[in-house]
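Next up, coords.txt (compact mmCIF, C-alpha atoms):
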# COMPACT_ATOMS: atom_id res chain seq x y z
CA GLU A 1 0.00 0.00 0.00
CA GLU A 2 1.05 3.55 -0.67
CA MET A 3 2.36 5.50 2.34
CA THR A 4 0.51 8.70 3.15
CA ALA A 5 1.32 11.85 5.12
CA ILE A 6 -0.87 10.68 7.99
CA SER A 7 0.68 7.24 8.47
CA GLY A 8 1.77 6.71 12.05
CA THR A 9 0.14 9.87 13.35
CA GLU A 10 -2.64 9.99 15.88
CA SER A 11 -4.47 13.20 14.99
CA ILE A 12 -4.90 16.02 12.49
CA LEU A 13 -3.37 18.32 15.11
CA GLN A 14 -0.20 16.21 15.12
CA ILE A 15 -0.01 16.37 11.31
CA ALA A 16 -0.56 20.14 11.24
CA SER A 17 2.00 20.79 13.98
CA GLY A 18 4.73 19.68 11.56
CA ALA A 19 3.70 22.25 8.98
CA PHE A 20 2.75 25.27 11.11
CA ASP A 21 4.26 27.24 13.96
CA ASN A 22 2.96 26.25 17.38
CA LYS A 23 1.41 28.90 19.61
CA LEU A 24 0.14 28.31 23.12
CA LEU A 25 -3.19 29.97 23.83
CA ARG A 26 -2.38 31.05 27.37
CA TRP A 27 -5.69 32.34 28.75
CA HIS A 28 -7.83 29.59 30.20
CA TYR A 29 -11.50 30.47 30.60
CA ARG A 30 -13.36 27.19 31.10
CA SER A 31 -12.52 26.44 34.72
CA GLU A 32 -14.28 28.62 37.26
CA HIS A 33 -11.90 27.40 39.96
CA GLU A 34 -8.13 27.24 39.48
CA ASN A 35 -7.91 23.75 41.05
CA LEU A 36 -9.81 22.32 38.07
CA ILE A 37 -6.90 23.20 35.76
CA ARG A 38 -4.00 23.27 38.24
CA PHE A 39 -2.82 19.67 37.64
CA SER A 40 -2.91 19.98 33.84
CA ASN A 41 -1.34 23.44 33.94
CA GLU A 42 1.56 22.15 36.02
CA LYS A 43 2.09 18.78 34.33
CA PHE A 44 1.20 19.45 30.71
CA TYR A 45 1.50 23.22 30.12
CA ASP A 46 4.58 24.05 32.23
CA ASP A 47 2.51 26.47 34.34
CA GLN A 48 2.10 28.71 31.29
CA LEU A 49 -1.70 28.97 31.39
CA ILE A 50 -3.18 32.11 32.87
CA VAL A 51 -6.20 31.15 34.94
CA CYS A 52 -8.82 33.17 36.78
CA ILE A 53 -8.33 32.85 40.52
CA SER A 54 -11.51 31.90 42.36
CA PRO A 55 -12.39 33.87 45.48
CA PHE A 56 -13.69 30.63 47.04
CA ALA A 57 -11.85 27.59 48.40
CA ASN A 58 -12.80 24.09 47.23
CA GLY A 59 -16.33 23.31 48.30
CA ASP A 60 -19.64 21.90 47.14
CA GLU A 61 -20.10 24.63 44.52
CA LEU A 62 -16.62 24.99 42.98
CA GLY A 63 -13.35 23.08 42.79
CA ILE A 64 -12.39 19.45 43.21
CA ASN A 65 -13.99 16.99 45.57
CA SER A 66 -12.66 13.48 46.02
CA ASN A 67 -14.84 10.61 47.17
CA PHE A 68 -12.99 7.51 48.32
CA ILE A 69 -15.10 4.41 47.75
CA ASN A 70 -14.60 1.85 50.49
CA ASN A 71 -14.40 -1.80 49.42
CA GLY A 72 -14.18 -0.95 45.72
CA LYS A 73 -12.72 -3.88 43.77
CA TYR A 74 -11.53 -4.03 40.16
CA LYS A 75 -12.16 -7.12 38.07
CA LYS A 76 -12.46 -7.58 34.31
CA GLY A 77 -12.70 -3.86 33.59
CA LEU A 78 -15.32 -3.16 36.24
CA ASN A 79 -15.51 -1.68 39.70
CA ARG A 80 -19.13 -2.42 40.55
CA ILE A 81 -19.10 -0.81 43.99
CA GLU A 82 -17.67 2.41 42.55
CA GLY A 83 -20.20 2.27 39.69
CA LEU A 84 -23.05 2.04 42.17
CA ALA A 85 -21.62 4.97 44.16
CA VAL A 86 -21.42 7.05 40.95
CA VAL A 87 -25.06 6.28 40.10
CA ASN A 88 -26.06 7.32 43.63
CA LYS A 89 -24.19 10.61 43.12
CA ILE A 90 -25.86 11.13 39.72
CA GLU A 91 -29.30 10.67 41.28
CA ASP A 92 -28.37 13.05 44.09
CA HIS A 93 -27.15 15.64 41.57
CA PHE A 94 -30.33 15.38 39.49
CA LYS A 95 -32.40 16.12 42.60
CA LYS A 96 -30.27 18.82 44.22
CA HIS A 97 -28.72 20.68 41.27
CA PRO A 98 -31.21 20.80 38.39
CA ASN A 99 -29.54 23.94 36.99
CA LEU A 100 -26.01 22.49 36.76
CA SER A 101 -25.17 20.39 33.71
CA LEU A 102 -23.54 17.03 34.44
CA GLY A 103 -21.27 14.59 32.66
CA VAL A 104 -19.69 11.34 33.79
CA ALA A 105 -16.29 10.29 32.46
CA THR A 106 -14.91 6.81 33.10
CA PHE A 107 -11.45 5.41 32.54
CA ASN A 108 -12.74 2.56 30.37
CA LYS A 109 -15.71 1.45 28.26
CA GLU A 110 -16.78 -1.40 30.56
CA GLN A 111 -17.36 0.97 33.47
CA CYS A 112 -19.08 3.46 31.18
CA ASP A 113 -21.54 0.81 29.99
CA PHE A 114 -22.08 -0.50 33.53
CA ILE A 115 -22.94 2.96 34.91
CA SER A 116 -25.27 3.66 31.97
CA GLU A 117 -27.10 0.35 32.43
CA LEU A 118 -27.38 0.80 36.19
CA LEU A 119 -28.78 4.31 35.78
CA GLU A 120 -31.32 3.19 33.16
CA LYS A 121 -32.44 0.36 35.43
CA ARG A 122 -32.89 2.75 38.35
CA CYS A 123 -34.88 5.15 36.16
CA LYS A 124 -37.26 2.33 35.22
CA GLU A 125 -37.88 1.78 38.93
CA SER A 126 -38.68 5.46 39.62
CA SER A 127 -40.83 7.66 37.39
CA TYR A 128 -39.62 10.70 39.34
CA LEU A 129 -35.96 9.90 38.62
CA GLU A 130 -36.82 9.06 35.01
CA LYS A 131 -38.35 12.52 34.55
CA LEU A 132 -35.28 14.20 36.06
CA TYR A 133 -33.05 12.09 33.80
CA LYS A 134 -35.02 13.10 30.70
CA ASP A 135 -34.89 16.77 31.74
CA PHE A 136 -31.10 16.53 31.95
CA LEU A 137 -30.94 14.76 28.56
CA ASP A 138 -33.08 17.48 26.96
CA SER A 139 -31.13 20.40 28.44
CA GLU A 140 -28.85 22.79 26.54
CA GLU A 141 -25.83 20.77 27.74
CA PRO A 142 -27.24 17.22 27.85
CA PHE A 143 -26.18 14.70 30.48
CA PHE A 144 -23.72 12.06 29.28
CA VAL A 145 -21.76 9.03 30.43
CA LYS A 146 -18.63 8.52 28.29
CA ASN A 147 -15.31 6.75 28.54
CA LEU A 148 -12.09 8.75 28.29
CA GLU A 149 -11.63 8.03 24.58
CA ASN A 150 -14.95 9.72 23.78
CA VAL A 151 -15.09 12.71 26.11
CA GLN A 152 -12.81 15.02 24.08
CA GLY A 153 -14.48 18.36 23.36
CA ASP A 154 -17.22 17.95 25.95
CA GLU A 155 -17.60 20.27 28.91
CA ARG A 156 -20.21 20.47 31.65
CA ASP A 157 -20.67 22.43 34.87
CA VAL A 158 -19.95 19.30 36.89
CA ILE A 159 -17.98 16.20 35.87
CA PHE A 160 -17.88 12.97 37.83
CA ILE A 161 -14.81 10.87 37.09
CA SER A 162 -14.99 7.14 37.71
CA THR A 163 -11.36 6.07 38.00
CA VAL A 164 -12.45 2.39 38.08
CA TYR A 165 -9.14 0.85 39.14
CA GLY A 166 -8.74 -0.71 42.56
CA PRO A 167 -7.68 -3.85 44.40
CA ASP A 168 -8.17 -7.22 42.79
CA PRO A 169 -10.91 -9.10 44.72
CA ASP A 170 -8.84 -12.31 44.96
CA THR A 171 -5.44 -10.91 46.00
CA ASP A 172 -6.42 -7.47 47.38
CA LYS A 173 -3.51 -6.00 45.37
CA VAL A 174 -3.75 -3.10 42.94
CA PHE A 175 -2.05 -4.30 39.77
CA GLN A 176 -0.30 -1.70 37.63
CA ARG A 177 -2.54 -2.24 34.61
CA PHE A 178 -4.22 1.03 33.74
CA GLY A 179 -5.38 0.47 30.17
CA PRO A 180 -5.15 3.38 27.71
CA ILE A 181 -3.73 5.86 30.23
CA ALA A 182 -0.61 3.71 30.62
CA GLY A 183 0.23 4.07 26.92
CA GLU A 184 2.51 6.58 25.25
CA SER A 185 -0.27 9.13 24.76
CA GLY A 186 -1.96 8.35 28.08
CA TRP A 187 -1.01 11.78 29.42
CA ARG A 188 -3.15 13.41 26.71
CA ARG A 189 -6.15 11.35 27.74
CA LEU A 190 -5.64 12.27 31.38
CA ASN A 191 -5.37 15.92 30.41
CA VAL A 192 -8.66 15.70 28.53
CA ILE A 193 -10.59 13.86 31.23
CA PHE A 194 -9.33 16.16 34.01
CA THR A 195 -10.28 19.38 32.23
CA ARG A 196 -13.94 18.86 31.26
CA ALA A 197 -15.53 20.59 34.28
CA LYS A 198 -16.41 24.28 34.40
CA LYS A 199 -17.43 24.42 38.07

Using structure tokens, write down the structure that the file contains.
Amino acid sequence: EEMTAISGTESILQIASGAFDNKLLRWHYRSEHENLIRFSNEKFYDDQLIVCISPFANGDELGINSNFINNGKYKKGLNRIEGLAVVNKIEDHFKKHPNLSLGVATFNKEQCDFISELLEKRCKESSYLEKLYKDFLDSEEPFFVKNLENVQGDERDVIFISTVYGPDPDTDKVFQRFGPIAGESGWRRLNVIFTRAKK
């Protein structure tokens, strides 16, 4: 087969970067709290991004919140306990924050599908939740559940990240197998998934 200019490249951006000068767009407007972009700014942009400093510390309204899931186990691409906790948080968000758009990003497709199925099942059991779910789907920024390969370009007020990985149920060890993020371009995927939230 004939070789082309795009052989061995992973994106149009990578192709174009060989033909054009690179310029860093330094002003970052998406994140309404500097902690949402701090990691990426430090690790991927050499602290070159200019971000708006929030007058508020991390809290329920802005910034990063971490939720450790006790007894989460990882097997065959799934962390069922974490998936259930994410669905509980989704339901809670639908009820308490109807004006804030929501997206869920997972580190793999299996967890993405599991969360989607679990949420659909719960909606079938509750007409009230089903209505809230449909309202979020029909909003200006519709609710989504996507894996990290498919979340590029999306942004929402709030993003839940399901990291999925955890101890193996048989050995209780966390094996160093992290799928696509362990690859050569894994840092790009992490950068994308960590920078989807506005609030």

Test item: axis-aligned box, all listed atoms of segment 104-107 of chain A, 8 Å on each side, centre and edges in Å rounded to one decimal, as AutoDock Vina command-line options:
--center_x -15.6 --center_y 8.4 --center_z 33.1 --size_x 24.2 --size_y 21.9 --size_z 17.3

With segment 36-49 of chain A as the partner and 9 Å as the cut-off, tabulate the residues of segment 124-197 of chain A that qualify, each row holding the nearest pair of atoms and their distance in Å to one decimal, using only C-alpha atoms, sorted by chain and rising number, as CSV.
residue,atom,partner,partner_atom,distance
A:Trp187,CA,A:Phe44,CA,8.1
A:Arg188,CA,A:Phe44,CA,8.5
A:Leu190,CA,A:Ser40,CA,8.5
A:Asn191,CA,A:Ser40,CA,5.9
A:Val192,CA,A:Ser40,CA,8.9
A:Phe194,CA,A:Leu36,CA,7.4
A:Thr195,CA,A:Ile37,CA,6.2
A:Arg196,CA,A:Leu36,CA,8.7
A:Ala197,CA,A:Leu36,CA,7.1

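Going from atom CA of Gly179 of chain A over to atom CA of Lys76 of chain A, you cover 11.5 Å.
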
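Taking atom CA of Asp168 of chain A as the reference point, atom CA of Gly72 of chain A is found at 9.2 Å.
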
Given only C-alpha atoms as the basis, pick out the residue of A:Glu34, A:Glu140, A:Glu149, A:Glu110 nearest to Ile181 of chain A.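 That would be A:Glu149, the residue with the smallest distance to Ile181 of chain A.
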
Just give me the gap between atom CA of Ala16 of chain A and atom CA of Gly183 of chain A in Å, one decimal is fine.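 Atom-to-atom, atom CA of Ala16 of chain A to atom CA of Gly183 of chain A, that is 22.5 Å.
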
Skip Glu155 of chain A itself and residues of its chain fewer than 5 positions away, then list as number ranges by chain all residues within 10 Å of it, counting only C-alpha atoms. A: 30-31, 101-103, 141, 193, 195-198

Would you pick out the contacts of Cys112 of chain A at 9 Å or less, using all atoms listed in the file, so that residues sharing its chain but fewer than 5 positions from it are not included, and give the list as an MDAnalysis selection string? chainID A and resid 83 104:107 117 145:147 162

Find, counting all atoms listed in the file, the residue in A:Trp27, A:Phe94, A:Tyr133, A:Phe144 that gets nearest to Asp113 of chain A. A:Phe144

Near Tyr165 of chain A, within 9 Å and counting only C-alpha atoms, which residues show up once chain neighbours fewer than 6 positions away are dropped, as a PyMOL selection string? chain A and resi 72-75+77-79+107+174-175+177-178

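Using only C-alpha atoms, the smallest distance between any of A:Val151, A:Leu24, A:Asn99, A:Val164 and Leu84 of chain A comes from A:Val164.
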